[in-house]
Every structure is written in C-alpha cells, then in structure tokens.
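Okay, structure first, notes after.
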Number of protein chains: 2
Amino acid sequence: MIDPTDRGFTLGDGLFETVLVEDGQVRRLDAHLARLNAGCDALGLPRPGEIALPPLPVEGRHALRLSWSAGVGGRGLDRPPAITPQLTITLAPAPLAGPARLITARTVRRNEHSPASGLKTLSYLDNVLARAEARARGGDEAVMLNTAGNLACAAAANLFWIADDRLFTPALGCGALAGITRARLMAAHPVEEVVAGRDALDRADALLLTNSLSGVRHVGALDGRSLAPHPLAARLASLLA
Amino acid sequence: MIDPTDRGFTLGDGLFETVLVEDGQVRRLDAHLARLNAGCDALGLPRPGEIALPPLPVEGRHALRLSWSAGVGGRGLDRPPAITPQLTITLAPAPLAGPARLITARTVRRNEHSPASGLKTLSYLDNVLARAEARARGGDEAVMLNTAGNLACAAAANLFWIADDRLFTPALGCGALAGITRARLMAAHPVEEVVAGRDALDRADALLLTNSLSGVRHVGALDGRSLAPHPLAARLASLLA
C-alpha cells in the first residue's frame, strides 16, 4: 500500500515503466531500467538499484508495472533533503488490441516545454484526458498535438506514418515519449524524425502505433477516415514481433 | 493508505485542495469545495458529496489537504465504467514564510493548452520541477512562463505585480491557477488581468504572491534583483489578512 503522503500520490512526483510479460517471461527489462534511470537523472530523483525479476507464474500476455515514486517527505512542492523513493510493482492482464481507431485530441495538448513529456511520469493526467476525449468521440486512442500544433505521439504509444513508402515519426523535441519500441523500430528500419503538423497524417498511406505492450499496432481509422492495411506496416509489425 | 493501483498514484488522475487551518479553524472550506467540484466537472470525475469538517484540535497554522483521486480501476489510461473516487485527508504544520525570492524557471513551462493548468491536480510534476530549479538557483519559489513565453503564475501561488500604482495579474487563459486568494484579491481591489511577457516584471515596482496558506506574500527579490517594500502591497496584505 502507498502512504497517503507519498509524493507520487500527492504530486505525481515519480516515474513508471510498463513492461510486457509473455507467458511469464519479462521482456526487455534492461531497456526499461535504462530508461527509468535516465528519467531519474532528468527529474533529479535517485536511481533505483538493480531490479531483478524472476519468471512470473502467469500465462498469456501481462503488463508488469514498475512505479518509482519520490516517496514520503516534505509538505508542499519542495522535496525533502534526503529523498527516499518507493518502488511499487503490479501485474495485470494485457490482451492484444485490434487496429486502433485514432481521434485527434482537441481539448488538451502535449507540453513540449516540459522535461516530463519525454518520460513516463506519475503525472499522466494530460494523457488520461486525451484518451477520455478519444473514447467519448468514438475512438480508442488519441493523437496528441504539442502546444505549437505539431504532432507529438499518441496518449499511450508513439506514432508513425507511411507516405510514399517512407516511414516518419515526430522528433523527440516535439514532446514525443522516448519509447522503447520506437527506438527498436528505428534501429530495424529507416525512419525520418520530423516536425510535422496534423495535415501530414491526411497525406499518409498508413499509420502505426508502437509501445511495449502491443509492439507495432495497426491503425484502422483516423478521425473517422478508414485506413487500409499496408504491406510495409505488416512487414514492420512482423520485424518487431 | 492508498491502493497501489489507485489512479491518483499511477497516473496523477485526481485533484487536491490545500486549506488553511488557523488554531483549529478551517478557513474558507466552501470556496475550496466549490473549486474542487468545478475541477471534477472539468476532468470528468464524479463530485465529492458534502464534506463537513469539525474544528481540529491543533494550534497555530496548519495545511489541511483534501485529495480526490479517481480511485482504483482500469489498467492503463482508460477510466473504468464506474469511477469510485477516493477522498484522502491529511494535516501538516504550515508556518508563514518570509518575503519570497523568485527565480524564473527556464527548464519547464506551464501548459496553457491543458485544462489541468487551471486546476490543482495530482499531476503536479511540472510545478515540482519549477520549484526544484528555483531552489537550485538560490530562490524559494519559481515564476512559471507558459509555452508562449508569457507569465502564468508561481509554482504554488498566483502572481501579481504593481506598476504605476496599478495592480496586474496574468489572465487565467495564460495557464494561471484559478486561485481562491487570487479571486479574493480581485474582489477587494481593482486588478487588470493581462497577457504579459516576463519583461513586465522588470518594469514592475513590486511583486506579490497569493495562495490560501500565505494570503498575500511579499516578494523580496526576482532573479537576484532586490525589491523594496511597497505601500500598496502592504495595504493589500492587510486587506486580506
């Protein structure tokens, strides 16, 4: 249980990782811990020590969540002189979803002027609001623009698009999450990191989402426009499977 | 204690209020609950029912914190169909601080394109980072600019300035918190709500901070420039005391 004065709860002061577990096998834990460490450096939090996880006694697909909060201490915004972070680990089923129905969020934009935007932090309310808007408008995932009106990422995934057989994704400086599957895809296939407005998606032949739980996920519709399957998208999905 | 799957902890999905308690008397609870209700409407959370608090057996100044989190339910960003929010109440001493030493934050900006910016939410990491930067640079509170580079508010207070005996504050649309003491000050004295860049503070004769715990707080220095006491600032402080 979490102390009610834990800064992760009171202020969203902390980080998390969502790790895929397939038939009990924890996938790419090293990459997740490396990102968690980098996030600690960016936010001024102590790094966790080594975290070793045994195979877990579960079948099928699960999400292992590591939360690393700033812990108890200090009323108000100031962190205490000695930060004592708190590690919390939870596990939940994570079935594969079908093709995404994307909605471009109108009510909230991603803050590319915050170091938090590149990180998975315990302050994820903007993402919650974007997703809720997408659900309310008939979608199941949101495209988030940054405050300049350029593409950043989806609420819980990175965003890629295919145009003329070239693969594009928003640059990290646009407020995109530094996704592990994003990096894997870029290592496996040439990707152009760009600053692009929402209209780039209207000219795209196909869209893809990536995250650790779903790998490469196809996009079936964007703001009500249906998108047909694309051979390069299928190739990229199997490349990372 | 908080459940480790409470969305307030995992995602910062919730709101809070910080209420002044003087010698056991809870101050302006109605105004805080009205703001909490408005925040629930903005974020799509159920409102709390009536919250009645007796006088508390404490002497001196305390901060009563009400946290209203989205509660347990739903792995990932999607809220569960039936949201069961969780109310958490804590109390901590809150001594009065002296004149503020303000530092303009460079590493993080306030997102005026998020509905969360006007609210006290459990996703307060940007404010934590701004405050930490101010502390690291010799201050004790941060001035936050919004993503357009205009003034928004301080990390844990609203910002006012005096120029030619006129009183100014950033408009709410700039990403300023909808502060209760801000509203009280505006009801007690003419205030001009403006869109203004950081340079407006260089031309100011005096600066003030407001929040529920400190009322009107004087500013002794801004980015290393000392600011002398100002008669209007003193008048406003006693007006709201």
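How things are named: the first chain in the structure tokens is A, the next is B, and so on; residues count from 1 in each chain; ligands count from 1 in the order shown.
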
Only residues of chain B matter here; which ones have an atom within 7 Å of chain A, counting only C-alpha atoms? Give them as an mmCIF file with N, CA and C atoms, in the first residue's frame.
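Generated output (part_31.cif):
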data_model
loop_
_atom_site.group_PDB
_atom_site.id
_atom_site.type_symbol
_atom_site.label_atom_id
_atom_site.label_comp_id
_atom_site.auth_asym_id
_atom_site.auth_seq_id
_atom_site.Cartn_x
_atom_site.Cartn_y
_atom_site.Cartn_z
ATOM 1 N N MET B 1 -4.281 4.426 3.949
ATOM 2 C CA MET B 1 -3.272 4.080 2.945
ATOM 3 C C MET B 1 -3.921 4.015 1.552
ATOM 4 N N ILE B 2 -3.100 4.250 0.532
ATOM 5 C CA ILE B 2 -3.590 4.302 -0.840
ATOM 6 C C ILE B 2 -3.299 2.970 -1.524
ATOM 7 N N ASP B 3 -4.285 2.456 -2.249
ATOM 8 C CA ASP B 3 -4.079 1.241 -3.031
ATOM 9 C C ASP B 3 -3.045 1.516 -4.129
ATOM 10 N N PRO B 4 -2.103 0.598 -4.344
ATOM 11 C CA PRO B 4 -1.066 0.855 -5.370
ATOM 12 C C PRO B 4 -1.615 0.919 -6.787
ATOM 13 N N GLY B 8 -4.918 7.893 -8.834
ATOM 14 C CA GLY B 8 -4.240 9.086 -8.331
ATOM 15 C C GLY B 8 -2.742 8.847 -8.212
ATOM 16 N N PHE B 9 -2.374 7.645 -7.797
ATOM 17 C CA PHE B 9 -0.961 7.300 -7.689
ATOM 18 C C PHE B 9 -0.360 6.920 -9.040
ATOM 19 N N THR B 10 -1.039 6.076 -9.803
ATOM 20 C CA THR B 10 -0.425 5.553 -11.024
ATOM 21 C C THR B 10 -0.365 6.584 -12.147
ATOM 22 N N LEU B 11 -1.341 7.509 -12.180
ATOM 23 C CA LEU B 11 -1.458 8.412 -13.326
ATOM 24 C C LEU B 11 -1.644 9.878 -12.949
ATOM 25 N N GLY B 12 -1.679 10.178 -11.672
ATOM 26 C CA GLY B 12 -1.957 11.559 -11.268
ATOM 27 C C GLY B 12 -3.365 11.978 -11.630
ATOM 28 N N ASP B 13 -4.290 11.014 -11.659
ATOM 29 C CA ASP B 13 -5.666 11.258 -12.099
ATOM 30 C C ASP B 13 -6.504 11.672 -10.889
ATOM 31 N N LEU B 77 -4.702 3.847 -19.398
ATOM 32 C CA LEU B 77 -5.245 5.206 -19.308
ATOM 33 C C LEU B 77 -6.762 5.252 -19.141
ATOM 34 N N ASP B 78 -7.460 4.256 -19.679
ATOM 35 C CA ASP B 78 -8.929 4.319 -19.667
ATOM 36 C C ASP B 78 -9.480 4.197 -18.259
ATOM 37 N N VAL B 108 11.266 24.385 -17.461
ATOM 38 C CA VAL B 108 9.912 23.867 -17.645
ATOM 39 C C VAL B 108 8.953 25.041 -17.797
ATOM 40 N N ARG B 109 7.989 24.862 -18.678
ATOM 41 C CA ARG B 109 6.956 25.879 -18.868
ATOM 42 C C ARG B 109 5.587 25.288 -18.579
ATOM 43 N N ASN B 111 1.711 24.536 -19.255
ATOM 44 C CA ASN B 111 0.954 24.203 -20.460
ATOM 45 C C ASN B 111 -0.422 24.851 -20.440
ATOM 46 N N HIS B 113 -2.343 24.961 -22.738
ATOM 47 C CA HIS B 113 -3.230 24.177 -23.611
ATOM 48 C C HIS B 113 -3.730 22.911 -22.930
ATOM 49 N N SER B 114 -3.681 22.879 -21.613
ATOM 50 C CA SER B 114 -4.240 21.747 -20.871
ATOM 51 C C SER B 114 -5.257 22.259 -19.860
ATOM 52 N N PRO B 115 -6.430 21.621 -19.791
ATOM 53 C CA PRO B 115 -7.406 22.023 -18.771
ATOM 54 C C PRO B 115 -6.854 21.853 -17.360
ATOM 55 N N LEU B 122 -3.442 16.075 -9.200
ATOM 56 C CA LEU B 122 -2.436 15.157 -8.671
ATOM 57 C C LEU B 122 -1.282 14.963 -9.656
ATOM 58 N N SER B 123 -1.351 15.619 -10.830
ATOM 59 C CA SER B 123 -0.255 15.621 -11.807
ATOM 60 C C SER B 123 0.475 16.959 -11.703
ATOM 61 N N TYR B 124 1.260 17.120 -10.667
ATOM 62 C CA TYR B 124 1.856 18.429 -10.373
ATOM 63 C C TYR B 124 3.365 18.433 -10.592
ATOM 64 N N LEU B 125 3.856 17.505 -11.405
ATOM 65 C CA LEU B 125 5.303 17.356 -11.551
ATOM 66 C C LEU B 125 5.963 18.594 -12.159
ATOM 67 N N ASP B 126 5.312 19.247 -13.120
ATOM 68 C CA ASP B 126 5.912 20.458 -13.702
ATOM 69 C C ASP B 126 6.158 21.507 -12.618
ATOM 70 N N VAL B 128 6.629 20.847 -9.396
ATOM 71 C CA VAL B 128 7.736 20.339 -8.575
ATOM 72 C C VAL B 128 9.080 20.671 -9.239
ATOM 73 N N ARG B 131 9.883 24.440 -8.999
ATOM 74 C CA ARG B 131 10.311 24.778 -7.641
ATOM 75 C C ARG B 131 11.736 24.280 -7.381
ATOM 76 N N ALA B 132 12.013 23.057 -7.826
ATOM 77 C CA ALA B 132 13.351 22.495 -7.604
ATOM 78 C C ALA B 132 14.411 23.348 -8.309
ATOM 79 N N THR B 147 3.799 28.213 -22.468
ATOM 80 C CA THR B 147 4.564 27.749 -23.635
ATOM 81 C C THR B 147 4.738 28.849 -24.675
#

Could you name the residues that touch stretch 173-187 of chain B at 8 Å or less, counting only C-alpha atoms, but leaving out those on the same chain fewer than 3 positions away, as a list of chain:residue names?
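Once the adjacent positions are removed, what remains is B:Ala31, B:His32, B:Arg110, B:Asn111, B:Glu112, B:His113, B:Ser117, B:Gly118, B:Leu119, B:Lys120, B:Asn146, B:Asn150, B:Leu151, B:Ala152, B:Cys153, B:Ala157, B:Asn158, B:Pro170, B:Pro190, B:Val191, B:Val195, B:Thr210, B:Asn211, B:Ser212, B:Gly215, B:Val216, B:Leu236, B:Leu240.
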
Within 9 Å of A:Gly24, counting only C-alpha atoms, which residues show up once you throw out same-chain ones fewer than 3 positions away? Write them as a ChimeraX atom specification, please.
/A:21,54-62

Output for the residues just chosen: C-alpha atoms as a PDB file, in the first residue's frame:
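Result file result.pdb:
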ATOM      1  CA  VAL A  21       5.315 -10.237 -19.794  1.00  0.00           C
ATOM      2  CA  PRO A  54      12.267 -13.980 -11.889  1.00  0.00           C
ATOM      3  CA  PRO A  55       9.945 -15.550 -14.484  1.00  0.00           C
ATOM      4  CA  LEU A  56       6.404 -14.941 -13.256  1.00  0.00           C
ATOM      5  CA  PRO A  57       3.857 -17.730 -12.766  1.00  0.00           C
ATOM      6  CA  VAL A  58       1.344 -16.350 -15.295  1.00  0.00           C
ATOM      7  CA  GLU A  59       0.263 -17.425 -18.774  1.00  0.00           C
ATOM      8  CA  GLY A  60      -0.565 -15.225 -21.739  1.00  0.00           C
ATOM      9  CA  ARG A  61       0.162 -11.501 -22.032  1.00  0.00           C
ATOM     10  CA  HIS A  62       0.540  -9.346 -18.948  1.00  0.00           C
TER      11      HIS A  62
END

For A:Phe160, find every residue with an atom within 8 Å (counting only C-alpha atoms), except residues of its own chain fewer than 2 positions away, and show them as a PyMOL selection string.
chain A and resi 158+162+167-170+207-210

For atom CA of B:Ser238 and atom CA of B:Leu145, determine how far apart the two atoms are, in Å to one decimal place.
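Spanning atom CA of B:Ser238 to atom CA of B:Leu145 is a straight-line distance of 28.3 Å.
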
Please give the complete set of residues from stretch 60-170 of chain B that DSSP, run on the backbone, assigns to alpha helix (DSSP H), formatted as an MDAnalysis selection string.
chainID B and resid 125:136

Next, write the just-selected residues to a file, as a CSV table (one decimal), in the first residue's frame, keeping N, CA, C and O atoms as the atom set.
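Produced file selection.csv, reproduced below:
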chain,number,residue,atom,x,y,z
B,125,LEU,N,3.9,17.5,-11.4
B,125,LEU,CA,5.3,17.4,-11.6
B,125,LEU,C,6.0,18.6,-12.2
B,125,LEU,O,7.1,19.0,-11.8
B,126,ASP,N,5.3,19.2,-13.1
B,126,ASP,CA,5.9,20.5,-13.7
B,126,ASP,C,6.2,21.5,-12.6
B,126,ASP,O,7.2,22.2,-12.6
B,127,ASN,N,5.2,21.6,-11.7
B,127,ASN,CA,5.4,22.6,-10.6
B,127,ASN,C,6.5,22.2,-9.7
B,127,ASN,O,7.3,23.0,-9.2
B,128,VAL,N,6.6,20.8,-9.4
B,128,VAL,CA,7.7,20.3,-8.6
B,128,VAL,C,9.1,20.7,-9.2
B,128,VAL,O,10.0,21.1,-8.6
B,129,LEU,N,9.1,20.5,-10.6
B,129,LEU,CA,10.4,20.7,-11.3
B,129,LEU,C,10.7,22.2,-11.3
B,129,LEU,O,11.9,22.6,-11.1
B,130,ALA,N,9.7,23.1,-11.4
B,130,ALA,CA,10.0,24.5,-11.4
B,130,ALA,C,10.5,24.9,-10.1
B,130,ALA,O,11.5,25.7,-9.9
B,131,ARG,N,9.9,24.4,-9.0
B,131,ARG,CA,10.3,24.8,-7.6
B,131,ARG,C,11.7,24.3,-7.4
B,131,ARG,O,12.6,25.0,-6.8
B,132,ALA,N,12.0,23.1,-7.8
B,132,ALA,CA,13.4,22.5,-7.6
B,132,ALA,C,14.4,23.3,-8.3
B,132,ALA,O,15.5,23.6,-7.8
B,133,GLU,N,14.1,23.8,-9.5
B,133,GLU,CA,15.0,24.7,-10.2
B,133,GLU,C,15.2,26.0,-9.4
B,133,GLU,O,16.4,26.5,-9.3
B,134,ALA,N,14.2,26.6,-8.9
B,134,ALA,CA,14.3,27.8,-8.2
B,134,ALA,C,15.2,27.6,-6.9
B,134,ALA,O,16.1,28.4,-6.6
B,135,ARG,N,15.0,26.5,-6.2
B,135,ARG,CA,15.8,26.2,-5.1
B,135,ARG,C,17.3,26.0,-5.5
B,135,ARG,O,18.2,26.5,-4.8
B,136,ALA,N,17.5,25.3,-6.6
B,136,ALA,CA,18.9,25.1,-7.0
B,136,ALA,C,19.6,26.4,-7.4
B,136,ALA,O,20.8,26.4,-7.3

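Going from atom CA of A:Asp205 to atom CA of A:Leu20 covers 29.1 Å.
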